[in-house]
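Asks: Next comes structure-v1.tsv, TSV, C-alpha atoms:
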```tsv
chain	number	residue	atom	x	y	z
A	1	MET	CA	103.97	47.22	194.95
A	2	THR	CA	103.99	50.34	197.12
A	3	THR	CA	102.78	51.07	200.62
A	4	GLN	CA	99.11	51.98	200.83
A	5	ASN	CA	99.21	55.75	200.41
A	6	THR	CA	96.03	57.48	199.34
A	7	ILE	CA	96.15	59.58	196.18
A	8	ALA	CA	93.31	61.81	195.00
A	9	VAL	CA	93.33	62.38	191.24
A	10	LEU	CA	91.34	65.45	190.27
A	11	GLY	CA	90.49	65.28	186.58
A	12	LEU	CA	89.71	61.96	184.91
A	13	GLY	CA	90.05	62.87	181.26
A	14	ARG	CA	92.38	61.01	178.90
A	15	MET	CA	95.51	61.66	180.92
A	16	GLY	CA	94.00	61.86	184.39
A	17	GLY	CA	92.05	58.64	183.96
A	18	ALA	CA	95.15	56.86	182.66
A	19	MET	CA	97.29	58.16	185.53
A	20	ALA	CA	94.69	57.14	188.11
A	21	ALA	CA	94.53	53.63	186.64
A	22	ARG	CA	98.33	53.36	186.51
A	23	LEU	CA	98.72	54.41	190.15
A	24	ALA	CA	96.01	52.00	191.27
A	25	SER	CA	97.80	49.19	189.41
A	26	ARG	CA	100.97	50.04	191.35
A	27	GLY	CA	99.27	49.47	194.70
A	28	TYR	CA	98.15	52.95	195.63
A	29	ASP	CA	94.72	53.62	197.09
A	30	VAL	CA	93.35	56.01	194.45
A	31	VAL	CA	90.19	58.07	194.62
A	32	GLY	CA	89.20	60.05	191.53
A	33	TRP	CA	86.99	63.02	190.85
A	34	THR	CA	86.13	64.89	187.67
A	35	ARG	CA	84.02	67.95	186.96
A	36	SER	CA	82.36	66.19	184.03
A	37	GLY	CA	81.07	63.33	186.15
A	38	ARG	CA	83.05	60.76	184.13
A	39	ARG	CA	83.27	57.42	185.91
A	40	ALA	CA	86.51	56.51	187.64
A	41	PRO	CA	88.42	53.74	185.81
A	42	GLY	CA	88.89	50.20	187.12
A	43	ALA	CA	90.12	50.00	190.71
A	44	VAL	CA	89.89	53.75	191.21
A	45	ARG	CA	87.24	54.79	193.71
A	46	GLY	CA	85.02	57.64	192.59
A	47	ALA	CA	84.08	60.68	194.65
A	48	GLY	CA	81.03	62.83	194.10
A	49	LYS	CA	82.73	66.06	195.18
A	50	ALA	CA	86.30	67.25	194.96
A	51	HIS	CA	86.64	68.07	198.64
A	52	GLU	CA	85.52	64.52	199.51
A	53	ALA	CA	88.26	63.13	197.27
A	54	VAL	CA	91.05	65.11	198.93
A	55	ALA	CA	89.96	64.85	202.58
A	56	ARG	CA	92.10	61.74	203.35
A	57	ALA	CA	94.67	62.04	200.57
A	58	ASP	CA	98.41	62.08	201.18
A	59	VAL	CA	98.93	63.34	197.63
A	60	VAL	CA	96.48	65.28	195.46
A	61	LEU	CA	97.30	64.98	191.76
A	62	LEU	CA	95.73	67.40	189.28
A	63	ALA	CA	95.24	66.54	185.62
A	64	LEU	CA	93.07	69.40	184.39
A	65	PHE	CA	92.73	71.20	181.06
A	66	ASP	CA	94.04	74.68	181.84
A	67	GLY	CA	95.10	77.21	184.45
A	68	PRO	CA	91.62	78.56	185.28
A	69	ALA	CA	90.39	75.00	185.91
A	70	CYS	CA	93.35	74.36	188.24
A	71	GLN	CA	92.72	77.58	190.16
A	72	GLU	CA	88.99	76.91	190.48
A	73	VAL	CA	89.40	73.33	191.70
A	74	LEU	CA	92.22	74.13	194.13
A	75	ASP	CA	90.28	77.07	195.57
A	76	ASP	CA	87.36	74.69	196.08
A	77	VAL	CA	89.36	72.01	197.92
A	78	HIS	CA	91.82	74.25	199.77
A	79	GLY	CA	89.92	74.07	203.05
A	80	SER	CA	89.68	70.27	202.88
A	81	LEU	CA	93.40	69.56	202.37
A	82	ARG	CA	95.32	68.09	205.28
A	83	THR	CA	98.22	70.19	206.47
A	84	ASP	CA	100.67	67.50	205.33
A	85	THR	CA	99.05	66.86	201.91
A	86	VAL	CA	101.25	67.41	198.86
A	87	VAL	CA	99.59	68.92	195.77
A	88	VAL	CA	101.08	67.67	192.49
A	89	ASN	CA	99.91	69.53	189.40
A	90	THR	CA	100.57	67.71	186.11
A	91	SER	CA	98.38	70.08	184.06
A	92	THR	CA	99.80	72.11	181.17
A	93	ILE	CA	99.35	75.75	182.16
A	94	GLY	CA	101.15	79.04	181.60
A	95	PRO	CA	104.33	79.96	183.51
A	96	ALA	CA	102.66	82.86	185.32
A	97	GLU	CA	99.76	80.60	186.35
A	98	ALA	CA	102.19	77.98	187.66
A	99	ALA	CA	104.14	80.57	189.62
A	100	ARG	CA	100.94	81.95	191.16
A	101	LEU	CA	99.80	78.50	192.32
A	102	ALA	CA	103.26	77.80	193.74
A	103	ARG	CA	103.09	81.01	195.77
A	104	GLN	CA	99.55	80.23	196.92
A	105	PHE	CA	100.31	76.70	198.15
A	106	GLY	CA	103.92	77.25	199.15
A	107	PRO	CA	106.12	74.31	200.14
A	108	SER	CA	103.32	71.74	199.69
A	109	TYR	CA	102.99	72.43	195.93
A	110	VAL	CA	104.79	70.44	193.20
A	111	HIS	CA	104.46	71.63	189.63
A	112	ALA	CA	105.04	68.56	187.45
A	113	PRO	CA	103.89	68.83	183.82
A	114	VAL	CA	104.43	65.65	181.83
A	115	LEU	CA	105.78	64.79	178.39
A	116	GLY	CA	104.01	61.88	176.75
A	117	SER	CA	100.47	60.71	176.18
A	118	VAL	CA	98.19	57.87	177.27
A	119	PRO	CA	100.38	54.93	176.09
A	120	ALA	CA	103.35	56.42	177.97
A	121	VAL	CA	101.22	56.65	181.13
A	122	ALA	CA	100.21	53.00	180.85
A	123	ALA	CA	103.86	51.98	180.39
A	124	GLY	CA	105.12	54.20	183.21
A	125	ALA	CA	107.25	56.01	180.62
A	126	LEU	CA	106.23	59.65	181.04
A	127	ARG	CA	108.97	62.24	181.29
A	128	ILE	CA	108.07	64.54	184.15
A	129	LEU	CA	109.38	68.08	184.72
A	130	ALA	CA	109.11	68.58	188.48
A	131	ALA	CA	109.68	71.78	190.45
A	132	ALA	CA	109.11	71.97	194.20
A	133	ASN	CA	110.43	72.42	197.67
A	134	PRO	CA	112.88	69.51	198.26
A	135	GLY	CA	110.73	68.03	201.02
A	136	ALA	CA	107.55	68.08	198.96
A	137	LEU	CA	109.33	66.67	195.92
A	138	ALA	CA	110.81	63.87	198.02
A	139	ARG	CA	107.31	62.88	199.18
A	140	ALA	CA	105.86	63.14	195.68
A	141	ARG	CA	108.74	61.41	193.90
A	142	PRO	CA	107.57	57.78	194.45
A	143	VAL	CA	104.19	58.69	192.97
A	144	LEU	CA	105.75	60.45	190.02
A	145	GLU	CA	108.25	57.64	189.44
A	146	ALA	CA	105.33	55.22	189.19
A	147	LEU	CA	104.31	57.26	186.14
A	148	GLY	CA	107.71	57.84	184.56
A	149	THR	CA	111.12	59.49	184.85
A	150	VAL	CA	111.45	62.67	186.90
A	151	ARG	CA	113.59	65.58	185.76
A	152	ASP	CA	114.09	68.39	188.26
A	153	ALA	CA	113.21	71.90	187.05
A	154	ALA	CA	114.36	75.13	188.66
A	155	ASP	CA	110.92	76.40	189.64
A	156	ALA	CA	107.25	76.10	188.73
A	157	ALA	CA	107.37	78.79	186.02
A	158	THR	CA	110.38	77.14	184.39
A	159	ALA	CA	108.74	73.70	184.43
A	160	ALA	CA	105.59	75.14	182.85
A	161	ALA	CA	107.59	77.02	180.21
A	162	LEU	CA	109.68	73.97	179.30
A	163	LYS	CA	106.51	71.91	178.81
A	164	LEU	CA	105.13	74.53	176.41
A	165	ILE	CA	108.41	74.56	174.49
A	166	ALA	CA	108.25	70.77	174.19
A	167	ASN	CA	104.71	70.98	172.83
A	168	ASN	CA	105.81	73.68	170.41
A	169	GLY	CA	108.23	71.14	168.94
A	170	LEU	CA	105.33	68.74	168.52
A	171	ALA	CA	103.19	71.41	166.87
A	172	GLY	CA	106.04	72.20	164.48
A	173	ALA	CA	106.35	68.53	163.56
A	174	VAL	CA	102.61	68.32	162.87
A	175	LEU	CA	102.79	71.37	160.59
A	176	ALA	CA	105.89	70.02	158.83
A	177	LEU	CA	104.04	66.76	158.26
A	178	ARG	CA	101.07	68.68	156.88
A	179	ASP	CA	103.32	70.51	154.42
A	180	ALA	CA	104.91	67.25	153.30
A	181	LEU	CA	101.53	65.59	152.74
A	182	ARG	CA	100.23	68.59	150.80
A	183	GLN	CA	103.24	68.52	148.50
A	184	ALA	CA	102.86	64.76	148.03
A	185	ASP	CA	99.18	65.20	147.20
A	186	ALA	CA	100.06	67.89	144.65
A	187	LEU	CA	102.49	65.45	143.04
A	188	GLY	CA	99.87	62.70	142.93
A	189	LEU	CA	101.79	60.40	145.26
A	190	PRO	CA	99.87	57.62	147.06
A	191	ARG	CA	99.37	58.43	150.74
A	192	ASP	CA	100.51	55.02	152.02
A	193	ARG	CA	103.75	55.15	150.02
A	194	THR	CA	104.38	58.71	151.14
A	195	LEU	CA	103.99	57.67	154.77
A	196	ASP	CA	106.37	54.75	154.24
A	197	ILE	CA	109.07	57.18	153.11
A	198	LEU	CA	108.34	59.79	155.79
A	199	GLU	CA	108.76	57.11	158.44
A	200	LEU	CA	112.40	56.83	157.37
A	201	GLY	CA	113.15	60.47	158.16
A	202	GLY	CA	112.97	62.96	161.00
A	203	LEU	CA	109.18	62.75	161.20
A	204	GLY	CA	109.28	58.96	161.43
A	205	GLY	CA	108.19	58.61	165.04
A	206	LEU	CA	105.20	60.91	164.60
A	207	VAL	CA	104.17	59.22	161.35
A	208	ALA	CA	104.42	55.74	162.88
A	209	ARG	CA	102.30	56.71	165.90
A	210	LYS	CA	99.68	58.60	163.90
A	211	ARG	CA	99.45	56.45	160.78
A	212	PRO	CA	95.84	55.28	161.46
A	213	PHE	CA	94.72	58.93	161.51
A	214	LEU	CA	96.84	59.94	158.52
A	215	LEU	CA	95.38	57.28	156.25
A	216	GLY	CA	91.87	58.70	156.64
A	217	GLY	CA	88.66	56.93	157.49
A	218	ALA	CA	87.76	55.87	161.02
A	219	PRO	CA	90.94	55.60	163.11
A	220	ALA	CA	91.60	52.31	164.85
A	221	VAL	CA	92.67	54.03	168.08
A	222	PRO	CA	91.17	56.94	170.06
A	223	ALA	CA	92.72	60.40	170.13
A	224	GLU	CA	95.62	60.66	172.58
A	225	PHE	CA	96.22	64.42	172.30
A	226	THR	CA	93.61	66.66	170.73
A	227	ILE	CA	93.96	69.60	168.38
A	228	GLY	CA	92.09	71.78	170.85
A	229	ALA	CA	94.53	70.95	173.65
A	230	LEU	CA	97.60	71.57	171.48
A	231	GLY	CA	96.12	74.81	170.18
A	232	LYS	CA	95.50	75.91	173.77
A	233	ASP	CA	99.12	75.16	174.68
A	234	MET	CA	100.45	77.13	171.72
A	235	ALA	CA	98.29	80.11	172.65
A	236	LEU	CA	99.69	79.90	176.19
A	237	LEU	CA	103.23	79.88	174.81
A	238	ALA	CA	102.61	82.84	172.52
A	239	ASP	CA	101.08	84.82	175.39
A	240	ALA	CA	103.89	83.94	177.79
A	241	SER	CA	106.75	84.69	175.39
A	242	ASN	CA	105.09	87.68	173.72
A	243	THR	CA	106.78	86.42	170.56
A	244	PRO	CA	105.01	85.62	167.26
A	245	LEU	CA	104.24	81.93	166.99
A	246	ARG	CA	102.92	80.53	163.72
A	247	SER	CA	101.79	77.26	165.29
A	248	ALA	CA	99.47	79.12	167.69
A	249	THR	CA	97.01	79.45	164.81
A	250	GLY	CA	98.41	76.84	162.43
A	251	VAL	CA	97.31	73.77	164.38
A	252	ALA	CA	93.87	75.14	165.28
A	253	ASP	CA	92.39	75.10	161.78
A	254	GLU	CA	88.71	76.02	161.64
A	255	ALA	CA	87.99	73.02	159.41
A	256	VAL	CA	89.09	70.47	162.01
A	257	ASP	CA	87.19	69.25	165.07
A	258	PRO	CA	89.10	70.47	168.17
A	259	GLU	CA	88.42	67.07	169.78
A	260	ALA	CA	90.18	65.26	166.92
A	261	ASP	CA	93.66	63.84	167.35
A	262	ILE	CA	96.48	66.23	166.48
A	263	ALA	CA	97.22	64.11	163.39
A	264	ALA	CA	94.02	65.49	161.85
A	265	ALA	CA	95.73	68.88	161.64
A	266	ALA	CA	98.29	67.30	159.30
A	267	THR	CA	95.58	66.15	156.90
A	268	VAL	CA	93.94	69.53	156.21
A	269	PRO	CA	94.01	70.04	152.42
A	270	ALA	CA	95.97	72.89	150.90
A	271	ALA	CA	94.19	76.14	150.09
A	272	GLY	CA	91.58	75.69	147.39
A	273	GLU	CA	91.65	77.12	143.89
A	274	ALA	CA	89.20	79.89	144.83
A	275	VAL	CA	91.65	81.66	147.14
A	276	LEU	CA	94.55	81.00	144.76
A	277	ALA	CA	92.66	82.41	141.76
A	278	PRO	CA	93.49	86.11	142.36
A	279	LEU	CA	97.14	85.20	142.91
A	280	ARG	CA	97.20	83.30	139.65
A	281	ALA	CA	95.60	86.30	137.91
A	282	TYR	CA	98.32	88.48	139.41
A	283	VAL	CA	100.99	86.14	137.98
A	284	ARG	CA	99.32	86.31	134.55
A	285	GLY	CA	99.45	90.11	134.74
A	286	HIS	CA	103.22	90.01	135.17
A	287	ALA	CA	103.67	87.31	132.56
A	288	THR	CA	101.66	89.11	129.88
A	289	GLY	CA	102.03	92.74	130.88
A	290	ASP	CA	98.25	93.02	130.47
A	291	PRO	CA	96.80	95.14	133.33
A	292	ALA	CA	93.37	93.55	132.88
A	293	HIS	CA	94.65	90.59	134.87
A	294	PHE	CA	95.54	92.88	137.77
A	295	ARG	CA	92.04	94.35	137.72
A	296	ALA	CA	90.71	90.80	138.00
A	297	ALA	CA	93.06	90.06	140.89
A	298	PHE	CA	92.68	93.16	143.05
A	299	LEU	CA	89.76	94.92	144.66
A	300	PRO	CA	89.23	98.37	143.07
A	301	SER	CA	90.25	100.00	146.36
A	302	ALA	CA	93.54	98.09	146.61
A	303	HIS	CA	96.93	99.73	146.98
A	304	VAL	CA	100.41	98.46	146.15
A	305	GLU	CA	103.07	99.74	148.52
A	306	GLY	CA	106.81	99.46	149.02
A	307	VAL	CA	110.12	101.28	148.76
A	308	ARG	CA	111.18	102.26	145.23
A	309	ASP	CA	114.50	103.99	144.60
A	310	GLY	CA	114.78	104.80	148.30
A	311	ALA	CA	111.33	106.38	148.60
A	312	PHE	CA	108.07	104.92	149.90
A	313	VAL	CA	105.40	104.56	147.23
A	314	SER	CA	101.70	103.80	147.57
A	315	TRP	CA	100.01	103.27	144.23
A	316	SER	CA	96.30	103.00	143.67
A	317	LEU	CA	95.21	100.14	141.41
A	318	ASP	CA	94.93	102.54	138.46
A	319	GLU	CA	98.43	103.87	139.07
A	320	TYR	CA	99.82	100.35	139.37
A	321	CYS	CA	98.13	99.18	136.16
A	322	ALA	CA	99.57	102.18	134.31
A	323	LEU	CA	103.07	100.74	134.90
A	324	PHE	CA	102.39	97.84	132.51
A	325	PRO	CA	102.58	98.28	128.71
A	326	GLY	CA	100.26	95.44	127.69
A	327	ARG	CA	103.00	93.13	126.44
A	328	PRO	CA	105.45	90.73	128.11
A	329	ALA	CA	108.86	91.91	129.25
A	330	PRO	CA	111.66	91.06	126.78
A	331	ASP	CA	113.19	88.61	129.28
A	332	GLU	CA	109.90	87.00	130.27
A	333	PRO	CA	111.06	83.46	129.34
A	334	HIS	CA	113.72	83.76	132.06
A	335	ARG	CA	111.47	85.19	134.79
A	336	SER	CA	109.80	83.07	137.48
A	337	ARG	CA	107.11	83.45	140.14
A	338	ARG	CA	105.95	81.16	142.92
A	339	VAL	CA	103.49	81.29	145.80
A	340	ASP	CA	105.48	80.55	148.96
A	341	ALA	CA	102.76	80.47	151.61
A	342	ILE	CA	99.07	81.09	152.05
A	343	ASP	CA	97.08	81.08	155.27
A	344	VAL	CA	93.30	81.32	155.28
A	345	HIS	CA	91.40	82.60	158.31
A	346	GLY	CA	87.71	82.59	157.48
A	347	SER	CA	87.03	85.53	155.17
A	348	VAL	CA	90.62	86.84	155.10
A	349	ALA	CA	93.90	85.31	153.98
A	350	THR	CA	97.56	86.24	153.80
A	351	ALA	CA	100.00	85.11	151.16
A	352	THR	CA	103.62	85.61	150.18
A	353	MET	CA	105.13	85.24	146.74
A	354	THR	CA	108.65	85.34	145.31
A	355	LEU	CA	109.19	86.87	141.86
A	356	THR	CA	112.53	86.64	140.08
A	357	HIS	CA	112.76	89.26	137.34
A	358	GLY	CA	116.24	89.35	135.86
A	359	THR	CA	118.69	90.61	138.48
A	360	ASP	CA	115.84	91.63	140.79
A	361	THR	CA	113.95	89.40	143.22
A	362	PHE	CA	110.74	90.64	144.77
A	363	THR	CA	109.03	89.41	147.92
A	364	ASP	CA	105.33	90.25	147.68
A	365	VAL	CA	103.05	90.09	150.70
A	366	PHE	CA	99.30	90.04	150.07
A	367	LEU	CA	96.19	90.56	152.14
A	368	LEU	CA	93.18	88.88	150.54
A	369	VAL	CA	89.51	89.27	151.42
A	370	HIS	CA	86.48	87.17	150.51
A	371	THR	CA	83.21	88.98	149.90
A	372	ALA	CA	79.84	87.72	148.72
A	373	HIS	CA	80.03	89.95	145.63
A	374	ASP	CA	83.66	89.56	144.53
A	375	GLY	CA	84.74	86.23	146.00
A	376	TRP	CA	88.45	86.19	146.84
A	377	ARG	CA	90.35	89.32	145.78
A	378	ILE	CA	93.61	90.99	146.81
A	379	ALA	CA	92.88	93.91	149.14
A	380	ASN	CA	96.47	95.15	149.40
A	381	LYS	CA	100.01	94.25	148.41
A	382	ALA	CA	103.31	95.28	149.96
A	383	TYR	CA	106.63	94.35	148.39
A	384	HIS	CA	110.36	94.33	148.98
A	385	ARG	CA	112.83	94.49	146.12
A	386	HIS	CA	116.12	92.59	146.42
A	387	THR	CA	118.72	93.62	143.85
```
What does this structure look like when you write it as C-alpha cells?
Replies:
Amino acid sequence: MTTQNTIAVLGLGRMGGAMAARLASRGYDVVGWTRSGRRAPGAVRGAGKAHEAVARADVVLLALFDGPACQEVLDDVHGSLRTDTVVVNTSTIGPAEAARLARQFGPSYVHAPVLGSVPAVAAGALRILAAANPGALARARPVLEALGTVRDAADAATAAALKLIANNGLAGAVLALRDALRQADALGLPRDRTLDILELGGLGGLVARKRPFLLGGAPAVPAEFTIGALGKDMALLADASNTPLRSATGVADEAVDPEADIAAAATVPAAGEAVLAPLRAYVRGHATGDPAHFRAAFLPSAHVEGVRDGAFVSWSLDEYCALFPGRPAPDEPHRSRRVDAIDVHGSVATATMTLTHGTDTFTDVFLLVHTAHDGWRIANKAYHRHT
C-alpha cells in the first residue's frame, strides 16, 4: 500500500487502462481520461476532460498511441498542470518527438517507455526505460516501480530509441515465425505439431504466448499488442534511423486487420500461385532453353539488366530471348534454381532468385506488376553474376 498520491492517467486503451487499474490496486488515487470516451476501469475515477483529470494530480501518466497524440494532449493540459506535477510519458514515440517534449516540459518531464504488454502490467512486471532529471525521476520512481522494474536511460531520445529497437526484435521474431509456419505448411506439417517443436527453440516464448492466435479460429484471449501499433513503431524506427528496415512493411500486411494481435501477422499465407506463375515460367525458360517461356513470364516492355564481362548491358525482351537456342544446356541436370524471397504490395511485387549454372551463380532481382489484362508479369529483371 502506498500513500494517497493522485495520479492522472491520460489514455485508457489496452495499456493505459491496465496501468490505471494496477496503480489503483496499489493504493493510489487514480483518475483516468481518454479521448475515445472509454470508461475508466474498476476503482479508477473517470474525468470528462483532460484538464480536469490533471488539475489535482501529483503525477500525470500518458499512455497514448503516438507522438502527435502526446503533443496534442499535453498542449491541451499544460495550463492546468500544477507547478510541482511530474509528467511521465510511457507512450512509444520517436526519439525526436521524445526530445522535443523533454525540452518543452523541462525538469518535470520523465520519458518512460515500457517493455511488456497487458499481463506484465497486471503482474507489475513491466521493464521501464526511464530518462529524466534526477529529482523528477525520484518522485516518479515509486509510481513506476508499482508497474515494474525501472532501468535508467541517458536521455529521452535514447529511451525512445531503445524502446523502438526492442520492438524491432519483436517484429523480427514475428516475421521469423511467419517464415517457419509457411515452410511447415508447404511441407504439409500439422500446425499444432509444428508449434510444439517451435516452442522448444528460440521462438518458444512467443509461440507459447500467442498459441491461441496461431491455431486459427476465434482466439481465447484479446489482443495484447496490435499489428497496427507494431507497424507504427517500425515506421518510427525506420524514419529515425534513416536505415532500410524490412519489418517496417513486413508486419503491416494489407491482408491483416491492423487491430488484430501481432500473431496474426505470422499466419499470413505465402504468396499465391498467381504471383509465382511468371517466376516459374522464367525457370522453365532456363531449364528448356525455349524463349517462349520468357515471353510468357515477362511484359513485352521488360528489360534484363546487369554487368556482363565488365560492361553494363540492358537487353530488351527480344534481345534476351535471342540468347537462348531452344534446347536445354548440356549440363542442365546439374543446374538449380530457387525463389529466395517474394514480397507483394498490392499490384506490385519484388522477388529474388538464386540460379546455379555450373561454376556460375546468379542472383536475379525481379520487379513484378499485376494488370487487369496480363495478370502478374515480370516488368524488369536485374542480375549479378558470381563466378
Asks: What does the structure give for the distance between atom CA of Ala223 of chain A and atom CA of Ser241 of chain A, in Å to one decimal?
Replies: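 These atoms are spaced 28.5 Å apart.
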Asks: Write out as a list in words the residues lying within 8 Å of Leu236 of chain A, counting only C-alpha atoms and excluding same-chain residues fewer than 2 positions away.
Replies: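 Residues meeting the cut-off are Ile93, Gly94, Leu164, Lys232, Asp233, Met234, Ala238, Asp239 and Ala240 of chain A.
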Asks: Considering only C-alpha atoms, state which residue in the set A:Ala382, A:Leu61, A:Cys321, A:Val365 is at the smallest distance from Ala341 of chain A.
Replies: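 That would be A:Val365, the residue with the smallest distance to Ala341 of chain A.
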Asks: Residues near segment 270-277 of chain A, anyone? I mean within 12 Å using all atoms listed in the file, not counting same-chain ones fewer than 5 positions away, as a PyMOL selection string.
Replies: chain A and resi 175+178-186+253+255+265+282-284+293-294+296-298+338-353+366-371+374-378
Asks: Skip Val86 of chain A itself and residues of its chain fewer than 6 positions away, then list as a PyMOL selection string all residues within 12 Å of it, counting only C-alpha atoms.
Replies: chain A and resi 5-8+54+56-62+78+102+105-111+132-141+143
Asks: Got a moment to write segment 288-307 of chain A out with N, CA, C and O atoms, as a JSON list (two decimals), in the first residue's frame?
Replies:
```json
[["chain", "number", "residue", "atom", "x", "y", "z"],
["A", 288, "THR", "N", 14.59, -25.29, -70.22],
["A", 288, "THR", "CA", 14.37, -25.85, -71.56],
["A", 288, "THR", "C", 15.14, -25.12, -72.65],
["A", 288, "THR", "O", 15.31, -25.67, -73.74],
["A", 289, "GLY", "N", 15.56, -23.89, -72.35],
["A", 289, "GLY", "CA", 16.17, -23.07, -73.40],
["A", 289, "GLY", "C", 15.16, -22.53, -74.39],
["A", 289, "GLY", "O", 15.54, -21.94, -75.39],
["A", 290, "ASP", "N", 13.86, -22.71, -74.10],
["A", 290, "ASP", "CA", 12.81, -22.27, -75.02],
["A", 290, "ASP", "C", 12.40, -20.84, -74.66],
["A", 290, "ASP", "O", 11.82, -20.61, -73.60],
["A", 291, "PRO", "N", 12.66, -19.86, -75.51],
["A", 291, "PRO", "CA", 12.34, -18.46, -75.18],
["A", 291, "PRO", "C", 10.85, -18.18, -75.06],
["A", 291, "PRO", "O", 10.47, -17.14, -74.52],
["A", 292, "ALA", "N", 10.00, -19.08, -75.53],
["A", 292, "ALA", "CA", 8.56, -18.86, -75.39],
["A", 292, "ALA", "C", 8.16, -18.73, -73.92],
["A", 292, "ALA", "O", 7.22, -18.00, -73.57],
["A", 293, "HIS", "N", 8.87, -19.43, -73.06],
["A", 293, "HIS", "CA", 8.55, -19.34, -71.63],
["A", 293, "HIS", "C", 8.89, -17.95, -71.08],
["A", 293, "HIS", "O", 8.19, -17.44, -70.20],
["A", 294, "PHE", "N", 9.96, -17.34, -71.61],
["A", 294, "PHE", "CA", 10.30, -16.00, -71.16],
["A", 294, "PHE", "C", 9.25, -14.99, -71.63],
["A", 294, "PHE", "O", 8.90, -14.06, -70.91],
["A", 295, "ARG", "N", 8.72, -15.20, -72.83],
["A", 295, "ARG", "CA", 7.68, -14.29, -73.32],
["A", 295, "ARG", "C", 6.40, -14.43, -72.49],
["A", 295, "ARG", "O", 5.63, -13.47, -72.36],
["A", 296, "ALA", "N", 6.19, -15.60, -71.91],
["A", 296, "ALA", "CA", 5.04, -15.78, -71.02],
["A", 296, "ALA", "C", 5.30, -15.16, -69.65],
["A", 296, "ALA", "O", 4.35, -14.79, -68.95],
["A", 297, "ALA", "N", 6.56, -15.06, -69.28],
["A", 297, "ALA", "CA", 6.91, -14.57, -67.95],
["A", 297, "ALA", "C", 6.99, -13.05, -67.89],
["A", 297, "ALA", "O", 6.59, -12.44, -66.88],
["A", 298, "PHE", "N", 7.52, -12.43, -68.94],
["A", 298, "PHE", "CA", 7.81, -11.01, -68.92],
["A", 298, "PHE", "C", 6.74, -10.20, -69.66],
["A", 298, "PHE", "O", 6.09, -10.70, -70.60],
["A", 299, "LEU", "N", 6.58, -8.94, -69.25],
["A", 299, "LEU", "CA", 5.84, -8.00, -70.07],
["A", 299, "LEU", "C", 6.64, -7.70, -71.33],
["A", 299, "LEU", "O", 7.88, -7.72, -71.30],
["A", 300, "PRO", "N", 5.99, -7.38, -72.45],
["A", 300, "PRO", "CA", 6.73, -7.11, -73.68],
["A", 300, "PRO", "C", 7.72, -5.96, -73.55],
["A", 300, "PRO", "O", 8.73, -5.93, -74.25],
["A", 301, "SER", "N", 7.45, -5.04, -72.64],
["A", 301, "SER", "CA", 8.32, -3.87, -72.46],
["A", 301, "SER", "C", 9.48, -4.12, -71.50],
["A", 301, "SER", "O", 10.29, -3.22, -71.26],
["A", 302, "ALA", "N", 9.59, -5.33, -70.98],
["A", 302, "ALA", "CA", 10.57, -5.62, -69.93],
["A", 302, "ALA", "C", 12.00, -5.51, -70.45],
["A", 302, "ALA", "O", 12.28, -5.70, -71.65],
["A", 303, "HIS", "N", 12.91, -5.23, -69.54],
["A", 303, "HIS", "CA", 14.34, -5.24, -69.82],
["A", 303, "HIS", "C", 15.05, -6.14, -68.80],
["A", 303, "HIS", "O", 14.59, -6.29, -67.67],
["A", 304, "VAL", "N", 16.15, -6.71, -69.23],
["A", 304, "VAL", "CA", 17.02, -7.51, -68.37],
["A", 304, "VAL", "C", 18.36, -6.79, -68.33],
["A", 304, "VAL", "O", 18.97, -6.54, -69.37],
["A", 305, "GLU", "N", 18.81, -6.48, -67.10],
["A", 305, "GLU", "CA", 19.98, -5.60, -66.97],
["A", 305, "GLU", "C", 20.97, -6.17, -65.97],
["A", 305, "GLU", "O", 20.59, -6.86, -65.01],
["A", 306, "GLY", "N", 22.25, -5.89, -66.19],
["A", 306, "GLY", "CA", 23.30, -6.33, -65.30],
["A", 306, "GLY", "C", 24.65, -6.01, -65.90],
["A", 306, "GLY", "O", 24.76, -5.30, -66.91],
["A", 307, "VAL", "N", 25.70, -6.53, -65.26],
["A", 307, "VAL", "CA", 27.06, -6.32, -65.74],
["A", 307, "VAL", "C", 27.55, -7.63, -66.34],
["A", 307, "VAL", "O", 27.57, -8.67, -65.68]]
```
